[in-house]
Amino acid sequence: RQQKWKSSVSTQAKMPPCDFVPEKYESYPYEHIQKIREQNIAPSLRTYYKKPLLLHQGHMQWLFDHEGRRYLDLFAGIVTVSVGHCHPKVTMATQKQLARLWHTTNIYMYPPIHEYAEKLTSLFPDPLKVVYLTNSGSEANDLAMFMARLHTRNFDIISLRGGYHGGSPYTLGLTSLTPYKHGVANGFGCTATMLPDVFRGPWGGSHCRDSPVQTVRKCSCTEGACLAKDQYIEQFKDTLNTSVPKTVAGFIAEPIQGVNGAVQYPRNFLKEAFQLIRERGGLCISDEVQTGFGRTGSHFWGFQTHGVVPDIVTLAKGIGNGFPMAAVVTTKEIANSLAQNLHFNTFGGNPLACVAGAAVLDAIEEDSLQKNSEDVGTYMLLELAKLRDKFEIVGDVRGKGLMIGVEMVTDKNSRCPLPAEEISQIWEDCKDMGVLIGRGGLYSQTFRIKPPMCITKRDVDFAVEVFHTALQRHMERA
């Protein structure tokens, strides 16, 4: 199918073919949609791009706008479309369930919640075998905090700076990114500690992280001994010795930070941090909202890449391929803490959600998407690393599987963030050439690449070529 449009930016890159033909767009005209957006939709829901996209249809890794233009989606609805837009298996399963039973209440028994609970927990190591289903990641993290406090009878929870764990009043205390903070009281009992960021932090070098691509910073570590990890653990101990009581409720971390731009910690940092928390009576929570379901490639869950078993795991986003669902997985003993009183979620574990979730697990297995994440993700990381070596403004390329960050800087020595306007121009150019990527980081300086896990090496070649063209255009402007 021929492209109907000419980009304002010329590129040699040829968009891979796609035999899917979208339906004709028949909703409101673009201007009317914009008007409704301004008048009737809360302004806190911001849009991407100078001329916001009006998206009409999706097929696997592709999105189509109202004019029929096709885009390679490298952001997957913020790391949510795990197996591909409108994946036929997930679509068919939910359509069948739609005609059978949408909703009753989980006070009754119905097959989907039991089938899904068995399927999901079978993918976790012992003793993580009990699931509580919710509707969103914020809600799952909210509940995880609540469980940790109930179970330990302690109150304080530690999180890492730069972490994103939700936008509810409870979870905002754990989220440590200024743009999400509102000037109202929240997060009582939450303490943020230094982020062990081996690119931007005070310590780090060329052997620290579990990624096919390391930082360009030099390292004086020896085999089996990471100085950066030791220094960051000292900072963690300092927080424990100064900012919280002798006993704590828990510690929460993303295996790789998502919103902050795929930030990775030194190897063994989480393992030692978990040990220090457990010595103080706390529980360890792994926020797998972005890293779960095979996205890191080498393992199904992000925590497995760190060689740890958490006490509580939170899941959302990719769990339902875009269906609003989430989960907290924990031990029987910790789950019992919540059973002392009533705790009820109307939609959590509803029949439709559970069928969607089960179909996602089937699709990941049948389409070998974990392996695809590893193969295609590693290929992409190595291709992007070539651009880092070529362009001074590409400061860091990092990640694992299809969880990738490209951090932009004024120069590699100072590691100063590239100004937002300049990043926006590169980002807009990529969009004009047919590639959608995300933004993240404290200064919005990091491109976030977290596509549906079905993308191919051919898609990567196209995307990298487009990014290359956008970077060259930036250098010409400069």
# chains A, B, ... in the order shown; residues from 1 in each chain; ligands from 1
call {"tool": "residues_around", "arguments": {"residues": "Cys430 in chain A", "least_positions_apart": "4", "cutoff": "8 Å", "atoms": "only C-alpha atoms", "output": "list in words"}}
result
Ile426, Gly434, Val435, Leu436, Ile437, Val466, Phe467 and Ala470 of chain A
call {"tool": "write_last_selection", "arguments": {"atoms": "N, CA and C atoms", "output": "mmCIF file, in the first residue's frame"}}
result
data_model
loop_
_atom_site.group_PDB
_atom_site.id
_atom_site.type_symbol
_atom_site.label_atom_id
_atom_site.label_comp_id
_atom_site.auth_asym_id
_atom_site.auth_seq_id
_atom_site.Cartn_x
_atom_site.Cartn_y
_atom_site.Cartn_z
ATOM 1 N N ILE A 426 14.165 17.274 17.136
ATOM 2 C CA ILE A 426 14.578 15.930 16.701
ATOM 3 C C ILE A 426 13.375 14.983 16.761
ATOM 4 N N GLY A 434 7.630 9.302 10.269
ATOM 5 C CA GLY A 434 6.830 8.096 10.498
ATOM 6 C C GLY A 434 7.246 7.239 11.671
ATOM 7 N N VAL A 435 7.993 7.814 12.629
ATOM 8 C CA VAL A 435 8.405 7.032 13.811
ATOM 9 C C VAL A 435 7.990 7.768 15.084
ATOM 10 N N LEU A 436 7.235 7.077 15.942
ATOM 11 C CA LEU A 436 6.769 7.667 17.206
ATOM 12 C C LEU A 436 7.617 7.146 18.351
ATOM 13 N N ILE A 437 8.242 8.073 19.085
ATOM 14 C CA ILE A 437 9.017 7.672 20.265
ATOM 15 C C ILE A 437 8.572 8.492 21.470
ATOM 16 N N VAL A 466 15.887 6.703 10.450
ATOM 17 C CA VAL A 466 15.102 7.930 10.668
ATOM 18 C C VAL A 466 15.736 8.778 11.774
ATOM 19 N N PHE A 467 16.112 8.136 12.865
ATOM 20 C CA PHE A 467 16.739 8.845 13.985
ATOM 21 C C PHE A 467 18.063 9.480 13.528
ATOM 22 N N ALA A 470 17.320 12.550 11.574
ATOM 23 C CA ALA A 470 16.887 13.631 12.483
ATOM 24 C C ALA A 470 18.091 14.249 13.203
#
call {"tool": "residues_around", "arguments": {"residues": "Asn154 in chain A", "least_positions_apart": "4", "cutoff": "9 Å", "atoms": "only C-alpha atoms", "output": "PDB file with N, CA, C and O atoms, in the first residue's frame"}}
result
ATOM      1  N   ALA A 148       2.296  -3.629  52.671  1.00  0.00           N
ATOM      2  CA  ALA A 148       3.592  -3.607  53.368  1.00  0.00           C
ATOM      3  C   ALA A 148       3.434  -3.000  54.759  1.00  0.00           C
ATOM      4  O   ALA A 148       3.994  -3.502  55.738  1.00  0.00           O
ATOM      5  N   ARG A 149       2.653  -1.952  54.861  1.00  0.00           N
ATOM      6  CA  ARG A 149       2.447  -1.283  56.156  1.00  0.00           C
ATOM      7  C   ARG A 149       1.622  -2.158  57.102  1.00  0.00           C
ATOM      8  O   ARG A 149       1.934  -2.271  58.295  1.00  0.00           O
ATOM      9  N   LEU A 150       0.572  -2.772  56.554  1.00  0.00           N
ATOM     10  CA  LEU A 150      -0.259  -3.649  57.390  1.00  0.00           C
ATOM     11  C   LEU A 150       0.535  -4.841  57.901  1.00  0.00           C
ATOM     12  O   LEU A 150       0.451  -5.206  59.072  1.00  0.00           O
ATOM     13  N   THR A 247      13.104   0.588  62.115  1.00  0.00           N
ATOM     14  CA  THR A 247      12.365  -0.424  61.345  1.00  0.00           C
ATOM     15  C   THR A 247      11.541   0.292  60.277  1.00  0.00           C
ATOM     16  O   THR A 247      11.029   1.383  60.504  1.00  0.00           O
ATOM     17  N   VAL A 248      11.451  -0.334  59.096  1.00  0.00           N
ATOM     18  CA  VAL A 248      10.718   0.289  57.982  1.00  0.00           C
ATOM     19  C   VAL A 248       9.676  -0.691  57.438  1.00  0.00           C
ATOM     20  O   VAL A 248       9.759  -1.902  57.676  1.00  0.00           O
ATOM     21  N   ALA A 249       8.718  -0.137  56.687  1.00  0.00           N
ATOM     22  CA  ALA A 249       7.692  -0.996  56.064  1.00  0.00           C
ATOM     23  C   ALA A 249       8.214  -1.607  54.776  1.00  0.00           C
ATOM     24  O   ALA A 249       7.879  -2.735  54.445  1.00  0.00           O
ATOM     25  N   GLY A 250       9.026  -0.852  54.042  1.00  0.00           N
ATOM     26  CA  GLY A 250       9.490  -1.434  52.784  1.00  0.00           C
ATOM     27  C   GLY A 250      10.304  -0.512  51.902  1.00  0.00           C
ATOM     28  O   GLY A 250      10.576   0.647  52.237  1.00  0.00           O
ATOM     29  N   GLY A 281      13.371  -5.133  58.902  1.00  0.00           N
ATOM     30  CA  GLY A 281      11.972  -5.571  59.032  1.00  0.00           C
ATOM     31  C   GLY A 281      11.074  -5.181  57.880  1.00  0.00           C
ATOM     32  O   GLY A 281       9.852  -5.342  57.966  1.00  0.00           O
ATOM     33  N   GLY A 282      11.651  -4.657  56.798  1.00  0.00           N
ATOM     34  CA  GLY A 282      10.834  -4.170  55.691  1.00  0.00           C
ATOM     35  C   GLY A 282      10.622  -5.198  54.588  1.00  0.00           C
ATOM     36  O   GLY A 282      11.336  -6.199  54.504  1.00  0.00           O
TER      37      GLY A 282
END
call {"tool": "closest_atom_pairs", "arguments": {"of": "range 440-476 of chain A", "to": "range 166-179 of chain A", "cutoff": "10 Å", "atoms": "only C-alpha atoms", "output": "JSON lines"}}
result
{"residue": "A:Gly441", "atom": "CA", "partner": "A:Leu177", "partner_atom": "CA", "distance": 8.5}
{"residue": "A:Leu442", "atom": "CA", "partner": "A:Leu177", "partner_atom": "CA", "distance": 6.5}
{"residue": "A:Tyr443", "atom": "CA", "partner": "A:Pro179", "partner_atom": "CA", "distance": 9.5}
{"residue": "A:Ser444", "atom": "CA", "partner": "A:Pro179", "partner_atom": "CA", "distance": 10.0}
call {"tool": "write_last_selection", "arguments": {"atoms": "N, CA and C atoms", "output": "PDB file, in the first residue's frame"}}
result
ATOM      1  N   GLY A 441      12.872  11.299  31.557  1.00  0.00           N
ATOM      2  CA  GLY A 441      14.016  11.879  32.253  1.00  0.00           C
ATOM      3  C   GLY A 441      13.624  13.151  32.975  1.00  0.00           C
ATOM      4  N   LEU A 442      14.438  13.513  33.926  1.00  0.00           N
ATOM      5  CA  LEU A 442      14.191  14.675  34.779  1.00  0.00           C
ATOM      6  C   LEU A 442      14.054  15.959  33.974  1.00  0.00           C
ATOM      7  N   TYR A 443      14.797  16.058  32.874  1.00  0.00           N
ATOM      8  CA  TYR A 443      14.777  17.269  32.044  1.00  0.00           C
ATOM      9  C   TYR A 443      14.123  16.983  30.692  1.00  0.00           C
ATOM     10  N   SER A 444      13.384  15.875  30.623  1.00  0.00           N
ATOM     11  CA  SER A 444      12.772  15.427  29.366  1.00  0.00           C
ATOM     12  C   SER A 444      13.846  15.275  28.287  1.00  0.00           C
TER      13      SER A 444
END
call {"tool": "atom_distance", "arguments": {"atom1": "CA of Asn241 in chain A", "atom2": "CA of Arg280 in chain A"}}
result
10.7 Å
call {"tool": "closest_residue", "arguments": {"among": "A:Ser337, A:Asp367, A:Asp396, A:Lys317", "to": "Ser136 in chain A", "atoms": "only C-alpha atoms"}}
result
A:Lys317
call {"tool": "closest_residue", "arguments": {"among": "A:Ala140, A:Arg69, A:Ile36, A:Gly348", "to": "Lys24 in chain A", "atoms": "only C-alpha atoms"}}
result
A:Arg69
call {"tool": "atom_distance", "arguments": {"atom1": "CA of Trp301 in chain A", "atom2": "CA of Ile158 in chain A"}}
result
21.4 Å
call {"tool": "residues_around", "arguments": {"residues": "Pro417 in chain A", "least_positions_apart": "5", "cutoff": "7 Å", "atoms": "only C-alpha atoms", "output": "ChimeraX atom specification"}}
result
/A:408-410,443,445
call {"tool": "write_last_selection", "arguments": {"atoms": "all heavy atoms", "output": "compact mmCIF listing (two decimals), in the first residue's frame"}}
result
# COMPACT_ATOMS: atom_id res chain seq x y z
N MET A 408 20.11 12.48 25.68
CA MET A 408 20.69 13.53 24.84
C MET A 408 21.37 14.58 25.71
O MET A 408 20.84 15.01 26.73
CB MET A 408 19.59 14.19 24.00
CG MET A 408 18.74 13.21 23.20
SD MET A 408 19.69 12.23 22.02
CE MET A 408 20.10 13.50 20.82
N VAL A 409 22.57 15.01 25.28
CA VAL A 409 23.39 15.94 26.07
C VAL A 409 23.96 17.03 25.15
O VAL A 409 23.98 16.88 23.93
CB VAL A 409 24.56 15.19 26.76
CG1 VAL A 409 24.05 14.22 27.82
CG2 VAL A 409 25.43 14.45 25.74
N THR A 410 24.44 18.11 25.76
CA THR A 410 25.12 19.12 24.95
C THR A 410 26.48 18.59 24.52
O THR A 410 26.93 18.81 23.40
CB THR A 410 25.30 20.43 25.74
OG1 THR A 410 25.95 20.13 26.97
CG2 THR A 410 23.96 21.11 26.02
N TYR A 443 14.80 16.06 32.87
CA TYR A 443 14.78 17.27 32.04
C TYR A 443 14.12 16.98 30.69
O TYR A 443 14.33 17.72 29.75
CB TYR A 443 16.22 17.78 31.83
CG TYR A 443 17.00 17.87 33.11
CD1 TYR A 443 17.89 16.86 33.48
CD2 TYR A 443 16.83 18.95 33.99
CE1 TYR A 443 18.60 16.93 34.68
CE2 TYR A 443 17.53 19.02 35.19
CZ TYR A 443 18.42 18.00 35.52
OH TYR A 443 19.11 18.07 36.71
N GLN A 445 15.04 14.85 28.73
CA GLN A 445 16.21 14.80 27.85
C GLN A 445 16.46 13.41 27.26
O GLN A 445 17.41 13.21 26.51
CB GLN A 445 17.46 15.26 28.61
CG GLN A 445 18.15 14.21 29.48
CD GLN A 445 17.48 13.97 30.84
OE1 GLN A 445 16.30 14.23 31.01
NE2 GLN A 445 18.24 13.47 31.79
call {"tool": "closest_atom_pairs", "arguments": {"of": "range 351-414 of chain A", "to": "range 199-222 of chain A", "cutoff": "6 Å", "atoms": "only C-alpha atoms", "output": "CSV"}}
result
residue,atom,partner,partner_atom,distance
A:Arg398,CA,A:Val213,CA,5.8
A:Gly399,CA,A:Ser211,CA,5.7
A:Lys400,CA,A:Ser211,CA,5.4
call {"tool": "write_last_selection", "arguments": {"atoms": "N, CA, C and O atoms", "output": "short mmCIF file (atom, residue, chain, number, x, y, z; two decimals), in the first residue's frame"}}
result
data_model
loop_
_atom_site.label_atom_id
_atom_site.label_comp_id
_atom_site.auth_asym_id
_atom_site.auth_seq_id
_atom_site.Cartn_x
_atom_site.Cartn_y
_atom_site.Cartn_z
N ARG A 398 21.14 2.95 26.54
CA ARG A 398 21.11 1.95 27.61
C ARG A 398 19.81 1.17 27.56
O ARG A 398 18.88 1.50 26.85
N GLY A 399 19.78 0.13 28.36
CA GLY A 399 18.57 -0.66 28.47
C GLY A 399 18.84 -2.13 28.26
O GLY A 399 19.98 -2.58 28.17
N LYS A 400 17.75 -2.85 28.16
CA LYS A 400 17.82 -4.30 28.05
C LYS A 400 16.56 -4.74 27.33
O LYS A 400 15.46 -4.25 27.65
#
call {"tool": "residues_around", "arguments": {"residues": "Thr305 in chain A", "least_positions_apart": "2", "cutoff": "10 Å", "atoms": "only C-alpha atoms", "output": "list in words"}}
result
Asp210, Pro255, Ile256, Arg267, Asn268, Thr296, Gly297, Ser298, His299, Phe300, Trp301, Gly302, Phe303, Gly307, Val308 and Lys400 of chain A
call {"tool": "write_last_selection", "arguments": {"atoms": "C-alpha atoms", "output": "compact mmCIF listing (two decimals), in the first residue's frame"}}
result
# COMPACT_ATOMS: atom_id res chain seq x y z
CA ASP A 210 23.38 -5.35 32.79
CA PRO A 255 14.06 -3.03 37.93
CA ILE A 256 14.83 -0.44 35.22
CA ARG A 267 24.80 -4.96 39.03
CA ASN A 268 24.03 -6.33 42.51
CA THR A 296 13.74 -7.21 29.15
CA GLY A 297 14.28 -10.25 26.93
CA SER A 298 16.53 -12.38 29.11
CA HIS A 299 13.82 -12.94 31.76
CA PHE A 300 10.06 -12.73 32.07
CA TRP A 301 10.21 -10.40 35.08
CA GLY A 302 12.63 -7.52 35.59
CA PHE A 303 13.49 -8.57 39.15
CA GLY A 307 18.88 -12.19 40.95
CA VAL A 308 16.35 -11.28 43.65
CA LYS A 400 17.82 -4.30 28.05
call {"tool": "closest_atom_pairs", "arguments": {"of": "range 306-404 of chain A", "to": "range 72-95 of chain A", "cutoff": "6 Å", "atoms": "only C-alpha atoms", "output": "tab-separated table"}}
result
residue	atom	partner	partner_atom	distance
A:Lys317	CA	A:Thr80	CA	4.3
A:Gly318	CA	A:Thr80	CA	4.3
A:Asn321	CA	A:Val81	CA	4.3
A:Gly322	CA	A:Val81	CA	5.5
A:Ala356	CA	A:Thr94	CA	5.8
A:Ala359	CA	A:Val90	CA	5.1
call {"tool": "select_by_dssp", "arguments": {"residues": "range 405-444 of chain A", "states": "alpha helix (DSSP H)", "output": "VMD selection string"}}
result
chain A and resid 420 to 432
call {"tool": "write_last_selection", "arguments": {"atoms": "N, CA and C atoms", "output": "PDB file, in the first residue's frame"}}
result
ATOM      1  N   ALA A 420      15.482  21.441  25.894  1.00  0.00           N
ATOM      2  CA  ALA A 420      14.208  20.817  25.514  1.00  0.00           C
ATOM      3  C   ALA A 420      13.775  21.175  24.087  1.00  0.00           C
ATOM      4  N   GLU A 421      14.007  22.443  23.662  1.00  0.00           N
ATOM      5  CA  GLU A 421      13.572  22.851  22.313  1.00  0.00           C
ATOM      6  C   GLU A 421      14.306  22.037  21.249  1.00  0.00           C
ATOM      7  N   GLU A 422      15.593  21.781  21.500  1.00  0.00           N
ATOM      8  CA  GLU A 422      16.384  21.045  20.512  1.00  0.00           C
ATOM      9  C   GLU A 422      15.926  19.579  20.445  1.00  0.00           C
ATOM     10  N   ILE A 423      15.648  19.009  21.616  1.00  0.00           N
ATOM     11  CA  ILE A 423      15.162  17.625  21.649  1.00  0.00           C
ATOM     12  C   ILE A 423      13.812  17.552  20.931  1.00  0.00           C
ATOM     13  N   SER A 424      12.978  18.557  21.167  1.00  0.00           N
ATOM     14  CA  SER A 424      11.651  18.578  20.530  1.00  0.00           C
ATOM     15  C   SER A 424      11.757  18.572  19.014  1.00  0.00           C
ATOM     16  N   GLN A 425      12.732  19.299  18.477  1.00  0.00           N
ATOM     17  CA  GLN A 425      12.881  19.341  17.013  1.00  0.00           C
ATOM     18  C   GLN A 425      13.250  17.965  16.457  1.00  0.00           C
ATOM     19  N   ILE A 426      14.165  17.274  17.136  1.00  0.00           N
ATOM     20  CA  ILE A 426      14.578  15.930  16.701  1.00  0.00           C
ATOM     21  C   ILE A 426      13.375  14.983  16.761  1.00  0.00           C
ATOM     22  N   TRP A 427      12.637  15.102  17.839  1.00  0.00           N
ATOM     23  CA  TRP A 427      11.459  14.261  18.112  1.00  0.00           C
ATOM     24  C   TRP A 427      10.368  14.487  17.072  1.00  0.00           C
ATOM     25  N   GLU A 428      10.115  15.771  16.753  1.00  0.00           N
ATOM     26  CA  GLU A 428       9.112  16.124  15.738  1.00  0.00           C
ATOM     27  C   GLU A 428       9.541  15.599  14.366  1.00  0.00           C
ATOM     28  N   ASP A 429      10.836  15.720  14.055  1.00  0.00           N
ATOM     29  CA  ASP A 429      11.336  15.222  12.767  1.00  0.00           C
ATOM     30  C   ASP A 429      11.114  13.714  12.638  1.00  0.00           C
ATOM     31  N   CYS A 430      11.369  12.992  13.721  1.00  0.00           N
ATOM     32  CA  CYS A 430      11.142  11.529  13.703  1.00  0.00           C
ATOM     33  C   CYS A 430       9.676  11.228  13.415  1.00  0.00           C
ATOM     34  N   LYS A 431       8.796  11.968  14.072  1.00  0.00           N
ATOM     35  CA  LYS A 431       7.352  11.778  13.852  1.00  0.00           C
ATOM     36  C   LYS A 431       6.983  12.071  12.409  1.00  0.00           C
ATOM     37  N   ASP A 432       7.546  13.155  11.845  1.00  0.00           N
ATOM     38  CA  ASP A 432       7.239  13.519  10.455  1.00  0.00           C
ATOM     39  C   ASP A 432       7.727  12.460   9.463  1.00  0.00           C
TER      40      ASP A 432
END
call {"tool": "closest_atom_pairs", "arguments": {"of": "range 311-336 of chain A", "to": "range 121-133 of chain A", "cutoff": "10 Å", "atoms": "only C-alpha atoms", "output": "JSON lines"}}
result
{"residue": "A:Asp311", "atom": "CA", "partner": "A:Leu128", "partner_atom": "CA", "distance": 7.3}
{"residue": "A:Ile312", "atom": "CA", "partner": "A:Leu128", "partner_atom": "CA", "distance": 7.5}
{"residue": "A:Val313", "atom": "CA", "partner": "A:Leu128", "partner_atom": "CA", "distance": 8.3}
{"residue": "A:Thr314", "atom": "CA", "partner": "A:Val131", "partner_atom": "CA", "distance": 9.7}
{"residue": "A:Leu315", "atom": "CA", "partner": "A:Leu133", "partner_atom": "CA", "distance": 9.3}
{"residue": "A:Ala316", "atom": "CA", "partner": "A:Leu133", "partner_atom": "CA", "distance": 9.7}
{"residue": "A:Met325", "atom": "CA", "partner": "A:Leu133", "partner_atom": "CA", "distance": 7.4}
{"residue": "A:Ala326", "atom": "CA", "partner": "A:Leu133", "partner_atom": "CA", "distance": 5.9}
{"residue": "A:Ala327", "atom": "CA", "partner": "A:Leu133", "partner_atom": "CA", "distance": 4.3}
{"residue": "A:Val328", "atom": "CA", "partner": "A:Tyr132", "partner_atom": "CA", "distance": 5.2}
{"residue": "A:Val329", "atom": "CA", "partner": "A:Val131", "partner_atom": "CA", "distance": 4.4}
{"residue": "A:Thr330", "atom": "CA", "partner": "A:Leu128", "partner_atom": "CA", "distance": 4.8}
{"residue": "A:Thr331", "atom": "CA", "partner": "A:Leu128", "partner_atom": "CA", "distance": 4.8}
{"residue": "A:Lys332", "atom": "CA", "partner": "A:Val130", "partner_atom": "CA", "distance": 5.9}
{"residue": "A:Glu333", "atom": "CA", "partner": "A:Val130", "partner_atom": "CA", "distance": 9.3}
{"residue": "A:Ile334", "atom": "CA", "partner": "A:Val130", "partner_atom": "CA", "distance": 9.2}
{"residue": "A:Ala335", "atom": "CA", "partner": "A:Val130", "partner_atom": "CA", "distance": 7.1}
{"residue": "A:Asn336", "atom": "CA", "partner": "A:Val130", "partner_atom": "CA", "distance": 9.9}
call {"tool": "atom_distance", "arguments": {"atom1": "CA of Glu67 in chain A", "atom2": "CA of Pro324 in chain A"}}
result
27.7 Å
